[in-house]
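What follows is one structure encoded as structure tokens, with my remarks underneath.
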Number of protein chains: 2
Amino acid sequence: MTAKDNGRIETARTRHEADRPSSALVLFGPDTPLKLDSGATLDRWQVAYQTYGTLNAERTNAVLVCHALTGDQHVANVHPLTGKPGWWSRMVGPGKPVDTDRYFVICPNVLGGCMGTTGPASTNPDTGQPYGLDLPLVTIPDMVRAQAILLDHLGIETALAVVGGSMGGMQVLQWAAAYPERVFAAIPIACGARHSSQNIAFHEVGRQAVMADPDWAKGKYLAEGKSPRKGLAVARMAAHITYMSDKSLHAKFGRQLQDREAPTFGFDADFQIESYLRHQGVTFVERFDANAYLYMTRAMDYFDLAAAHGGRLSEAFKGSRTRFCIVSFTSDWLFPTEDSKVITRALIASGGNVSFVEIDTDGGHDAFLLDEPELFATVDGFLRAAAHARGIH
Amino acid sequence: MTAKDNGRIETARTRHEADRPSSALVLFGPDTPLKLDSGATLDRWQVAYQTYGTLNAERTNAVLVCHALTGDQHVANVHPLTGKPGWWSRMVGPGKPVDTDRYFVICPNVLGGCMGTTGPASTNPDTGQPYGLDLPLVTIPDMVRAQAILLDHLGIETALAVVGGSMGGMQVLQWAAAYPERVFAAIPIACGARHSSQNIAFHEVGRQAVMADPDWAKGKYLAEGKSPRKGLAVARMAAHITYMSDKSLHAKFGRQLQDREAPTFGFDADFQIESYLRHQGVTFVERFDANAYLYMTRAMDYFDLAAAHGGRLSEAFKGSRTRFCIVSFTSDWLFPTEDSKVITRALIASGGNVSFVEIDTDGGHDAFLLDEPELFATVDGFLRAAAHARGIH
């Protein structure tokens, strides 16, 4: 197949999943408008989501899982596009820390995403064409606002817990700040109350890589049947390095050559790390919309919880009765432990109920997705205690 | 001007500087072939270089400066393309640590570069067209071999010192390993005896960004009058982040907006860091050849001094009488201090003469180019002592 064929197939799959996802779907109309931070309002919008387990009669056992930048609602089921296990199937499932035998787990695709919730790949109801960049920019608070409307729709007043890592963790913090009475417990993992300058810089590189691809077509590639494969792959490669630690890369790849005895003195993927990164880039393109990548990165860049509360992070949590469990990883250089300590200190200053756990691992930022027994034990214990405190047995 | 016009102008400037540089130039012919690690041989090749100061009668006061990835021979003079001061004018000049009133300073453009020494932008004498990817790949040892031939040509048997940072530091190490008797003193700064997996990964992202640009034209853009501006700019942006520290980015830019009061809810450069990075990308394209960028990054990737000596770094320096001064920076995460300690320990194990200095700074990898008084004092003192030991007064 040619790159053009690949582009057409990806375009078709992306458009299909964006409008008619392989998930539960709620359509909202003008009676439930979604007001965005940008000042724009969506009159017709939709949320795609997955659920696992059963909501109890008291409606008190719901756990909302918020996904990360390139995640989606397929937390613990086989992914409809890749055929791979859900991205957090280690954490969520029967007998797992987020135990679907005990809790009713909900994971919506975020606003601005590409797996069924309204995003730039969705069909604009006003034009019948994909939104592309005509979709107003969305923020982390916008994502959370949409999720709150979904919980209303599902008849859930207060979640037992809101849990997520990275961009998911930002949503957890925003949930706790915006709707403290609706969040009994909160588990923000590997995140920060704002995006750092260095993180914005890496995001900007990714966006420029996408936009530099002529097949991005100023954001109109879906309408034109194209796909900015190369640009998005480069963006993913750059980002992927930031998700791992130097140590884990060294342990996994070192300077090992890929299926050869000696270097080729050329620009093939001589080293295993090169081959691995190229693979990450190519497979990502098959499941993710390039414009959605721009929207997600921008939402993270804009996130600054303290700035939204007069410059004092403790104000964001003032009077909150939510129980917090903050988790960081020693080798995470995208959201270093210091970022989690800033949140912890703000919660202490605001008189909040907070535990903080730093987990010693070489897994880097991605550790929240990996087999980390201490993370599992932490989430398991914290959730059990919260359930007990809420009278769930 | 259109991007196409810019491309043509860059192509013309790049070709001109690559063949007829604004520097001293030596042409080597079949009587001085250059054998490369790849197995290829260059029968006709050239080296462009700058010199500062005067060689003494004993020919003992030469200091060879080795430049970094995107550096060139214009150490301490106004750059012919950018009009800016030389890249190390803080370090090299009259009364500076590398004092051109005392030492005869030579800086050649490296093999594979684009400022007059044979590189992919040079005209292939066999075809009359730019080499592009037809130039055999070059390695750090190849660069040093070419420099040794230049020193022969200049009548310099033993340099008082070989000095350089980053890729320049790798050349310093290679000089000391390959020609110990020709290096009285060596100052490798902010470098390592090999490129790490993470560093190879970042280089690979940059190469893929260049190659993803259709105007790269499979490496033949100069012949076609094109310039892969966008791809090379993205590569530079990604690399630039790795040259700075998180702290310095935060101190310099934080989350400050660029010339506006509020975010635009779009993909313009809202944040100062974005604007800064884009500027870094755009200005780099005006002075650097994209294929040379591929060659330089590959040369660094391949560098592994221990592997070239049976896996034992100390073997590389066995019996060496060279005086070493190893310098690292606390906030350099591209070549962390540990990389310098590995070199230092190998030198101690081989019975070498070595000083090691770790300089406390937020400047990141780029600290070797910045105003770092402790670095200047270190180089100044070490060079004076070396000169004294060599009987230069």
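A note on labels: chains of the structure tokens are A, B, ... as shown, every chain counts residues from 1, and ligands are counted from 1 in their shown order.
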Compile the contact shell of region 271-278 of chain A as number ranges by chain: residues with an atom at most 6 Å away, counting only C-alpha atoms, same-chain residues fewer than 2 positions apart removed.
A: 237, 253, 256-258, 269, 280-281
Within 12 Å of Ala201 (chain B), counting only C-alpha atoms, which residues show up once you throw out same-chain ones fewer than 4 positions away? Write them as a ChimeraX atom specification, please.
/A:234,237-242,244-246,249-250,253-255,269-278,280 /B:195-197,205-208,238-239,242,297-298,300-301,334
For Ala62 (chain B), work out the shell of residues within 8 Å, counting only C-alpha atoms and skipping chain neighbours fewer than 3 positions away, then give it as a ChimeraX atom specification.
/B:55,59,103-106,156,158-161
Those selected residues, please, written with C-alpha atoms and delivered as a PDB file, in the first residue's frame.
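Saved the output as again25.pdb:
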ATOM      1  CA  LEU B  55      52.521  30.631  16.395  1.00  0.00           C
ATOM      2  CA  ARG B  59      55.724  25.930  17.475  1.00  0.00           C
ATOM      3  CA  TYR B 103      48.433  31.134  22.186  1.00  0.00           C
ATOM      4  CA  PHE B 104      48.024  30.397  18.508  1.00  0.00           C
ATOM      5  CA  VAL B 105      44.429  29.263  18.221  1.00  0.00           C
ATOM      6  CA  ILE B 106      43.243  27.100  15.337  1.00  0.00           C
ATOM      7  CA  ILE B 156      52.404  21.709  14.282  1.00  0.00           C
ATOM      8  CA  THR B 158      52.110  18.741  19.236  1.00  0.00           C
ATOM      9  CA  ALA B 159      49.326  21.058  20.290  1.00  0.00           C
ATOM     10  CA  LEU B 160      49.676  22.751  23.655  1.00  0.00           C
ATOM     11  CA  ALA B 161      46.015  21.964  24.154  1.00  0.00           C
TER      12      ALA B 161
END
What lies within 10 Å of Met167 (chain B) using only C-alpha atoms, ignoring chain neighbours under 4 positions off, as a PyMOL selection string?
chain B and resi 66-71+140+171-173+188-192+195+296-297+299-300+303
Calculate how many Å separate CA of Ser331 (chain A) from CA of Val92 (chain A), rounding to one decimal.
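Spanning CA of Ser331 (chain A) to CA of Val92 (chain A) is a straight-line distance of 23.7 Å.
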Select from region 60-145 of chain A everything DSSP, run on the backbone, classes as helix (DSSP H, G or I), then give the selection as a list in words.
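Across region 60-145 of chain A, those assigned helix (DSSP H, G or I) are Gly132, Leu133, Asp134, Ile140, Pro141, Asp142, Met143, Val144 and Arg145 of chain A.
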Need to verify the contact set: region 75-86 of chain B, 9 Å, only C-alpha atoms, exclusion of same-chain residues closer than 3 positions in sequence. Can you return it as an mmCIF file with C-alpha atoms, in the first residue's frame?
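File written: around_36.cif
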data_model
loop_
_atom_site.group_PDB
_atom_site.id
_atom_site.type_symbol
_atom_site.label_atom_id
_atom_site.label_comp_id
_atom_site.auth_asym_id
_atom_site.auth_seq_id
_atom_site.Cartn_x
_atom_site.Cartn_y
_atom_site.Cartn_z
ATOM 1 C CA ARG B 13 24.444 30.752 0.328
ATOM 2 C CA GLU B 17 30.045 28.835 1.882
ATOM 3 C CA SER B 22 35.034 32.974 4.221
ATOM 4 C CA GLN B 50 40.261 30.158 11.280
ATOM 5 C CA TYR B 52 43.875 33.724 15.947
ATOM 6 C CA VAL B 65 39.544 24.363 19.362
ATOM 7 C CA HIS B 67 33.538 22.913 17.625
ATOM 8 C CA GLY B 71 29.248 25.215 15.546
ATOM 9 C CA ASP B 72 31.871 26.125 12.999
ATOM 10 C CA SER B 89 34.191 34.906 21.799
ATOM 11 C CA ARG B 90 33.727 34.886 25.579
ATOM 12 C CA MET B 91 36.388 32.198 25.865
ATOM 13 C CA VAL B 92 38.814 32.951 23.024
ATOM 14 C CA GLY B 93 40.446 36.311 22.336
ATOM 15 C CA CYS B 107 39.656 26.085 14.742
ATOM 16 C CA THR B 283 17.453 31.437 12.398
ATOM 17 C CA GLU B 286 19.602 30.349 7.598
ATOM 18 C CA ARG B 287 23.073 29.215 8.559
#
